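Text of input33.csv (CSV, N, CA and C atoms) as supplied:
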chain,number,residue,atom,x,y,z
J,1,MET,N,185.7,266.2,-122.7
J,1,MET,CA,184.4,265.8,-122.3
J,1,MET,C,184.1,266.4,-120.9
J,2,ALA,N,183.0,267.1,-120.7
J,2,ALA,CA,182.6,267.6,-119.4
J,2,ALA,C,181.4,266.8,-118.9
J,3,ARG,N,181.4,266.4,-117.7
J,3,ARG,CA,180.3,265.8,-117.0
J,3,ARG,C,179.8,266.7,-115.9
J,4,ARG,N,178.5,266.9,-115.9
J,4,ARG,CA,178.0,267.8,-114.8
J,4,ARG,C,177.1,267.0,-113.9
J,5,LEU,N,177.3,267.1,-112.6
J,5,LEU,CA,176.4,266.5,-111.7
J,5,LEU,C,175.6,267.7,-111.1
J,6,LEU,N,174.3,267.7,-111.3
J,6,LEU,CA,173.5,268.8,-110.9
J,6,LEU,C,172.4,268.4,-109.8
J,7,LEU,N,172.1,269.3,-109.0
J,7,LEU,CA,171.1,269.1,-107.9
J,7,LEU,C,169.7,269.7,-108.4
J,8,TRP,N,168.7,268.9,-108.3
J,8,TRP,CA,167.4,269.4,-108.7
J,8,TRP,C,166.6,269.6,-107.5
J,9,SER,N,165.8,270.7,-107.5
J,9,SER,CA,164.9,271.1,-106.4
J,9,SER,C,163.7,270.2,-106.3
J,10,ALA,N,163.3,269.8,-105.1
J,10,ALA,CA,162.1,269.0,-104.9
J,10,ALA,C,160.9,269.8,-105.2
J,11,HIS,N,161.0,271.1,-105.2
J,11,HIS,CA,159.9,272.1,-105.3
J,11,HIS,C,159.9,272.6,-106.8
J,12,GLY,N,159.1,272.0,-107.6
J,12,GLY,CA,158.9,272.5,-109.0
J,12,GLY,C,160.0,272.0,-110.0
J,13,GLY,N,160.9,271.2,-109.5
J,13,GLY,CA,161.9,270.6,-110.4
J,13,GLY,C,162.8,271.7,-111.0
J,14,ARG,N,163.1,272.7,-110.2
J,14,ARG,CA,164.0,273.8,-110.7
J,14,ARG,C,165.4,273.3,-110.5
J,15,LEU,N,166.3,273.8,-111.3
J,15,LEU,CA,167.7,273.5,-111.3
J,15,LEU,C,168.4,274.4,-110.2
J,16,LEU,N,169.1,273.8,-109.3
J,16,LEU,CA,169.8,274.6,-108.3
J,16,LEU,C,171.3,274.7,-108.7
J,17,GLN,N,172.1,275.2,-107.9
J,17,GLN,CA,173.5,275.4,-108.2
J,17,GLN,C,174.2,274.1,-108.5
J,18,MET,N,175.1,274.2,-109.4
J,18,MET,CA,176.0,273.1,-109.8
J,18,MET,C,176.9,272.8,-108.6
J,19,THR,N,176.9,271.5,-108.2
J,19,THR,CA,177.8,271.2,-107.1
J,19,THR,C,179.1,270.6,-107.6
J,20,LEU,N,179.1,269.9,-108.7
J,20,LEU,CA,180.4,269.3,-109.2
J,20,LEU,C,180.4,269.2,-110.7
J,21,ARG,N,181.5,269.6,-111.3
J,21,ARG,CA,181.7,269.4,-112.7
J,21,ARG,C,183.0,268.7,-112.9
J,22,ILE,N,183.0,267.7,-113.8
J,22,ILE,CA,184.2,266.9,-114.1
J,22,ILE,C,184.5,267.2,-115.6
J,23,ASP,N,185.7,267.8,-115.8
J,23,ASP,CA,186.2,268.0,-117.2
J,23,ASP,C,187.3,267.0,-117.4
J,24,THR,N,187.3,266.3,-118.5
J,24,THR,CA,188.3,265.3,-118.8
J,24,THR,C,189.1,265.7,-120.0
J,25,THR,N,190.4,265.6,-119.8
J,25,THR,CA,191.4,265.8,-120.9
J,25,THR,C,192.4,264.6,-121.0
J,26,SER,N,193.0,264.4,-122.1
J,26,SER,CA,194.0,263.4,-122.2
J,26,SER,C,195.1,263.8,-123.2
J,27,ASP,N,196.3,263.5,-122.9
J,27,ASP,CA,197.4,263.7,-123.9
J,27,ASP,C,197.7,262.4,-124.7
J,28,GLY,N,196.9,261.4,-124.6
J,28,GLY,CA,197.1,260.2,-125.2
J,28,GLY,C,197.7,259.1,-124.3
J,29,GLN,N,198.4,259.5,-123.3
J,29,GLN,CA,198.9,258.6,-122.3
J,29,GLN,C,198.3,258.7,-120.9
J,30,THR,N,198.1,260.0,-120.5
J,30,THR,CA,197.6,260.2,-119.2
J,30,THR,C,196.3,261.0,-119.3
J,31,ALA,N,195.3,260.6,-118.6
J,31,ALA,CA,194.0,261.3,-118.5
J,31,ALA,C,194.1,262.2,-117.3
J,32,THR,N,193.5,263.4,-117.4
J,32,THR,CA,193.3,264.3,-116.3
J,32,THR,C,191.8,264.6,-116.1
J,33,LEU,N,191.4,264.4,-114.9
J,33,LEU,CA,190.0,264.7,-114.5
J,33,LEU,C,190.1,266.0,-113.7
J,34,ARG,N,189.6,267.1,-114.3
J,34,ARG,CA,189.6,268.4,-113.5
J,34,ARG,C,188.3,268.5,-112.8
J,35,LEU,N,188.3,268.5,-111.5
J,35,LEU,CA,187.1,268.6,-110.7
J,35,LEU,C,186.9,270.0,-110.3
J,36,ILE,N,185.6,270.4,-110.5
J,36,ILE,CA,185.3,271.8,-110.2
J,36,ILE,C,184.1,271.9,-109.3
J,37,GLY,N,184.2,272.6,-108.2
J,37,GLY,CA,183.0,272.8,-107.3
J,37,GLY,C,183.1,272.0,-106.1
J,38,ARG,N,182.0,271.6,-105.5
J,38,ARG,CA,181.9,270.8,-104.3
J,38,ARG,C,181.9,269.4,-104.6
J,39,ILE,N,182.7,268.6,-103.9
J,39,ILE,CA,182.6,267.1,-104.1
J,39,ILE,C,182.1,266.6,-102.8
J,40,GLU,N,180.9,265.9,-102.9
J,40,GLU,CA,180.3,265.3,-101.7
J,40,GLU,C,180.2,263.8,-101.9
J,41,SER,N,180.1,263.1,-100.8
J,41,SER,CA,180.1,261.6,-100.9
J,41,SER,C,179.0,261.1,-101.8
J,42,GLU,N,177.9,261.7,-102.0
J,42,GLU,CA,176.8,261.2,-102.8
J,42,GLU,C,177.3,261.1,-104.3
J,43,TYR,N,178.3,261.8,-104.7
J,43,TYR,CA,178.8,261.8,-106.0
J,43,TYR,C,180.0,260.8,-106.2
J,44,LEU,N,180.4,260.1,-105.2
J,44,LEU,CA,181.5,259.2,-105.3
J,44,LEU,C,181.3,258.1,-106.3
J,45,ASP,N,180.1,257.6,-106.4
J,45,ASP,CA,179.9,256.5,-107.4
J,45,ASP,C,180.3,256.9,-108.8
J,46,GLU,N,179.8,258.1,-109.2
J,46,GLU,CA,180.1,258.6,-110.5
J,46,GLU,C,181.6,258.9,-110.6
J,47,LEU,N,182.2,259.5,-109.6
J,47,LEU,CA,183.7,259.8,-109.6
J,47,LEU,C,184.5,258.5,-109.7
J,48,GLN,N,184.1,257.5,-109.0
J,48,GLN,CA,184.8,256.2,-109.0
J,48,GLN,C,184.7,255.6,-110.4
J,49,ALA,N,183.5,255.7,-111.1
J,49,ALA,CA,183.3,255.2,-112.4
J,49,ALA,C,184.3,255.9,-113.4
J,50,GLN,N,184.4,257.2,-113.2
J,50,GLN,CA,185.3,258.0,-114.1
J,50,GLN,C,186.8,257.6,-113.9
J,51,VAL,N,187.1,257.3,-112.6
J,51,VAL,CA,188.5,256.9,-112.3
J,51,VAL,C,188.8,255.5,-112.9
J,52,ARG,N,187.8,254.6,-112.8
J,52,ARG,CA,188.0,253.3,-113.4
J,52,ARG,C,188.1,253.4,-114.9
J,53,ARG,N,187.3,254.2,-115.5
J,53,ARG,CA,187.3,254.4,-117.0
J,53,ARG,C,188.6,254.9,-117.5
J,54,HIS,N,189.3,255.7,-116.7
J,54,HIS,CA,190.5,256.4,-117.2
J,54,HIS,C,191.8,255.8,-116.6
J,55,ARG,N,191.8,254.7,-116.0
J,55,ARG,CA,193.0,254.1,-115.4
J,55,ARG,C,193.8,253.5,-116.6
J,56,PRO,N,195.1,253.2,-116.5
J,56,PRO,CA,195.9,253.3,-115.3
J,56,PRO,C,196.6,254.6,-115.0
J,57,ARG,N,196.8,255.4,-116.1
J,57,ARG,CA,197.5,256.7,-115.9
J,57,ARG,C,196.5,257.8,-115.7
J,58,LEU,N,196.4,258.3,-114.5
J,58,LEU,CA,195.3,259.3,-114.2
J,58,LEU,C,195.8,260.4,-113.2
J,59,VAL,N,195.4,261.6,-113.5
J,59,VAL,CA,195.7,262.7,-112.6
J,59,VAL,C,194.3,263.3,-112.2
J,60,LEU,N,194.1,263.7,-110.9
J,60,LEU,CA,193.0,264.4,-110.5
J,60,LEU,C,193.4,265.8,-110.2
J,61,ASP,N,192.9,266.8,-111.0
J,61,ASP,CA,193.3,268.2,-110.8
J,61,ASP,C,192.2,268.8,-109.9
J,62,LEU,N,192.6,269.2,-108.7
J,62,LEU,CA,191.7,269.7,-107.6
J,62,LEU,C,191.8,271.2,-107.5
J,63,ASP,N,192.3,271.9,-108.4
J,63,ASP,CA,192.6,273.3,-108.3
J,63,ASP,C,191.3,274.1,-108.0
J,64,GLU,N,190.2,273.7,-108.6
J,64,GLU,CA,188.9,274.4,-108.5
J,64,GLU,C,187.9,273.7,-107.6
J,65,VAL,N,188.4,272.8,-106.7
J,65,VAL,CA,187.5,272.2,-105.7
J,65,VAL,C,187.3,273.2,-104.6
J,66,THR,N,186.1,273.4,-104.2
J,66,THR,CA,185.8,274.4,-103.2
J,66,THR,C,185.4,273.7,-101.8
J,67,LEU,N,184.9,272.5,-101.8
J,67,LEU,CA,184.5,271.9,-100.6
J,67,LEU,C,184.5,270.4,-100.8
J,68,VAL,N,184.9,269.6,-99.7
J,68,VAL,CA,184.8,268.2,-99.7
J,68,VAL,C,184.3,267.7,-98.4
J,69,ASP,N,183.9,266.5,-98.3
J,69,ASP,CA,183.5,265.9,-97.0
J,69,ASP,C,184.4,264.7,-96.7
J,70,VAL,N,184.2,264.1,-95.5
J,70,VAL,CA,185.1,263.1,-95.0
J,70,VAL,C,185.2,261.9,-96.0
J,71,GLY,N,184.0,261.5,-96.6
J,71,GLY,CA,184.0,260.4,-97.5
J,71,GLY,C,184.9,260.7,-98.7
J,72,VAL,N,184.9,261.9,-99.2
J,72,VAL,CA,185.8,262.3,-100.3
J,72,VAL,C,187.2,262.3,-99.9
J,73,VAL,N,187.5,262.8,-98.7
J,73,VAL,CA,188.9,262.8,-98.2
J,73,VAL,C,189.4,261.3,-98.2
J,74,ARG,N,188.6,260.4,-97.7
J,74,ARG,CA,189.0,259.0,-97.7
J,74,ARG,C,189.2,258.5,-99.1
J,75,PHE,N,188.4,258.9,-100.0
J,75,PHE,CA,188.5,258.5,-101.4
J,75,PHE,C,189.8,259.0,-102.0
J,76,LEU,N,190.1,260.2,-101.7
J,76,LEU,CA,191.4,260.8,-102.2
J,76,LEU,C,192.6,260.1,-101.7
J,77,ILE,N,192.6,259.8,-100.4
J,77,ILE,CA,193.7,259.0,-99.8
J,77,ILE,C,193.9,257.7,-100.5
J,78,THR,N,192.8,257.0,-100.8
J,78,THR,CA,192.8,255.7,-101.5
J,78,THR,C,193.4,255.9,-102.9
J,79,CYS,N,192.9,257.0,-103.6
J,79,CYS,CA,193.4,257.3,-105.0
J,79,CYS,C,194.9,257.4,-105.0
J,80,GLU,N,195.4,258.3,-104.1
J,80,GLU,CA,196.8,258.5,-104.0
J,80,GLU,C,197.6,257.3,-103.7
J,81,ALA,N,197.1,256.5,-102.8
J,81,ALA,CA,197.8,255.2,-102.4
J,81,ALA,C,197.8,254.3,-103.6
J,82,GLU,N,196.9,254.4,-104.6
J,82,GLU,CA,196.9,253.6,-105.8
J,82,GLU,C,197.6,254.2,-106.9
J,83,GLY,N,198.4,255.3,-106.7
J,83,GLY,CA,199.2,255.9,-107.7
J,83,GLY,C,198.6,257.0,-108.5
J,84,ILE,N,197.4,257.4,-108.1
J,84,ILE,CA,196.8,258.5,-108.9
J,84,ILE,C,197.3,259.8,-108.3
J,85,GLU,N,197.8,260.7,-109.2
J,85,GLU,CA,198.4,262.0,-108.7
J,85,GLU,C,197.3,263.0,-108.4
J,86,LEU,N,197.4,263.6,-107.3
J,86,LEU,CA,196.5,264.7,-106.9
J,86,LEU,C,197.2,266.0,-107.1
J,87,LEU,N,196.7,266.7,-108.2
J,87,LEU,CA,197.3,267.9,-108.6
J,87,LEU,C,196.6,269.1,-108.0
J,88,LYS,N,197.4,270.1,-107.5
J,88,LYS,CA,196.8,271.4,-107.0
J,88,LYS,C,195.8,271.1,-105.9
J,89,CYS,N,196.1,270.3,-105.0
J,89,CYS,CA,195.2,270.0,-103.9
J,89,CYS,C,195.3,271.1,-102.8
J,90,ALA,N,194.2,271.6,-102.4
J,90,ALA,CA,194.2,272.7,-101.4
J,90,ALA,C,194.8,272.3,-100.1
J,91,PRO,N,195.5,273.2,-99.5
J,91,PRO,CA,196.2,272.8,-98.2
J,91,PRO,C,195.2,272.3,-97.1
J,92,TYR,N,194.0,272.8,-97.1
J,92,TYR,CA,193.0,272.3,-96.1
J,92,TYR,C,192.7,270.8,-96.3
J,93,ILE,N,192.6,270.4,-97.6
J,93,ILE,CA,192.3,269.0,-98.0
J,93,ILE,C,193.5,268.2,-97.6
J,94,ARG,N,194.7,268.6,-97.9
J,94,ARG,CA,195.9,267.9,-97.6
J,94,ARG,C,196.0,267.7,-96.1
J,95,GLU,N,195.8,268.7,-95.3
J,95,GLU,CA,195.8,268.6,-93.8
J,95,GLU,C,194.8,267.6,-93.3
J,96,TRP,N,193.6,267.7,-93.9
J,96,TRP,CA,192.5,266.7,-93.5
J,96,TRP,C,192.9,265.3,-93.9
J,97,MET,N,193.5,265.1,-95.0
J,97,MET,CA,194.0,263.8,-95.4
J,97,MET,C,195.0,263.3,-94.4
J,98,ALA,N,195.9,264.1,-94.0
J,98,ALA,CA,197.0,263.7,-93.1
J,98,ALA,C,196.3,263.3,-91.7
J,99,ARG,N,195.4,264.1,-91.3
J,99,ARG,CA,194.7,263.8,-90.0
J,99,ARG,C,193.9,262.5,-90.1
J,100,GLU,N,193.3,262.3,-91.2
J,100,GLU,CA,192.5,261.1,-91.4
J,100,GLU,C,193.4,259.8,-91.5
J,101,GLN,N,194.6,260.0,-92.1
J,101,GLN,CA,195.5,258.9,-92.2
J,101,GLN,C,196.1,258.6,-90.8
J,102,ASP,N,196.3,259.6,-90.0
J,102,ASP,CA,196.8,259.4,-88.6
J,102,ASP,C,195.8,258.7,-87.8
J,103,THR,N,194.5,259.1,-88.0
J,103,THR,CA,193.4,258.4,-87.3
J,103,THR,C,193.3,257.0,-87.6
J,104,ARG,N,193.4,256.7,-88.9
J,104,ARG,CA,193.4,255.3,-89.3
J,104,ARG,C,194.5,254.5,-88.7
J,105,ARG,N,195.7,255.1,-88.7
J,105,ARG,CA,196.9,254.4,-88.1
J,105,ARG,C,196.7,254.1,-86.6
J,106,GLY,N,196.1,255.1,-86.0
J,106,GLY,CA,195.9,255.0,-84.5
J,106,GLY,C,194.9,253.9,-84.1
J,107,SER,N,193.9,253.7,-85.0
J,107,SER,CA,192.9,252.7,-84.7
J,107,SER,C,193.2,251.3,-85.3
J,108,ALA,N,194.3,251.2,-86.0
J,108,ALA,CA,194.7,249.9,-86.6
J,108,ALA,C,195.5,249.1,-85.6

The structure in this file should be written as structure tokens.
Amino acid sequence: MARRLLLWSAHGGRLLQMTLRIDTTSDGQTATLRLIGRIESEYLDELQAQVRRHRPRLVLDLDEVTLVDVGVVRFLITCEAEGIELLKCAPYIREWMAREQDTRRGSA
């Protein structure tokens, strides 16, 4: 099942570039959400709903993620802390996650 989150233009209702696509697969025990494109905080409600729907055994495949923002980085940190595997996570996202965790520890 693929879910597409699309951005509509305010001028004439034209469809703009796809920012995030979520493809879902399952082997009967573990679900994999393959995330494709840009993940922005405005899409976290839908992504969180997908995560809740496919728990407890879930993998997020980030191989085709091109861009994230700080809200998404915090979401990924929480997912991983809750036992969700982050597969093929880009090095820049991993580095950002580590810096964000260091910042959290420093302010705690």

Find the residues around region 36-48 of chain J up to 6 Å (only N, CA and C atoms counted), leave out those fewer than 2 positions away in its own chain, and share them as a list of chain:residue names.
->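 Answer for this query is J:Thr19, J:Leu20, J:Arg21, J:Ile22, J:Asp23, J:Arg34, J:Gln50, J:Val51, J:Arg52, J:Arg53, J:Glu64, J:Val65, J:Thr66, J:Leu67, J:Val68, J:Asp69, J:Gly71, J:Val72.
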
Record the distance separating CA of Glu85 (chain J) and CA of Leu58 (chain J), expressed in Å with one decimal.
-> 6.9 Å

As a check of understanding: the span from atom C of Ile84 (chain J) to CA of Pro56 (chain J) is 9.7 Å

Calculate how many Å separate CA of Met97 (chain J) from atom N of Leu76 (chain J), rounding to one decimal.
->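 It comes out at 8.2 Å.
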
Strand (DSSP E or B) residues, from DSSP on the backbone, in region 12-92 of chain J, as a ChimeraX atom specification = /J:15-26,31-39,58-68,85-87
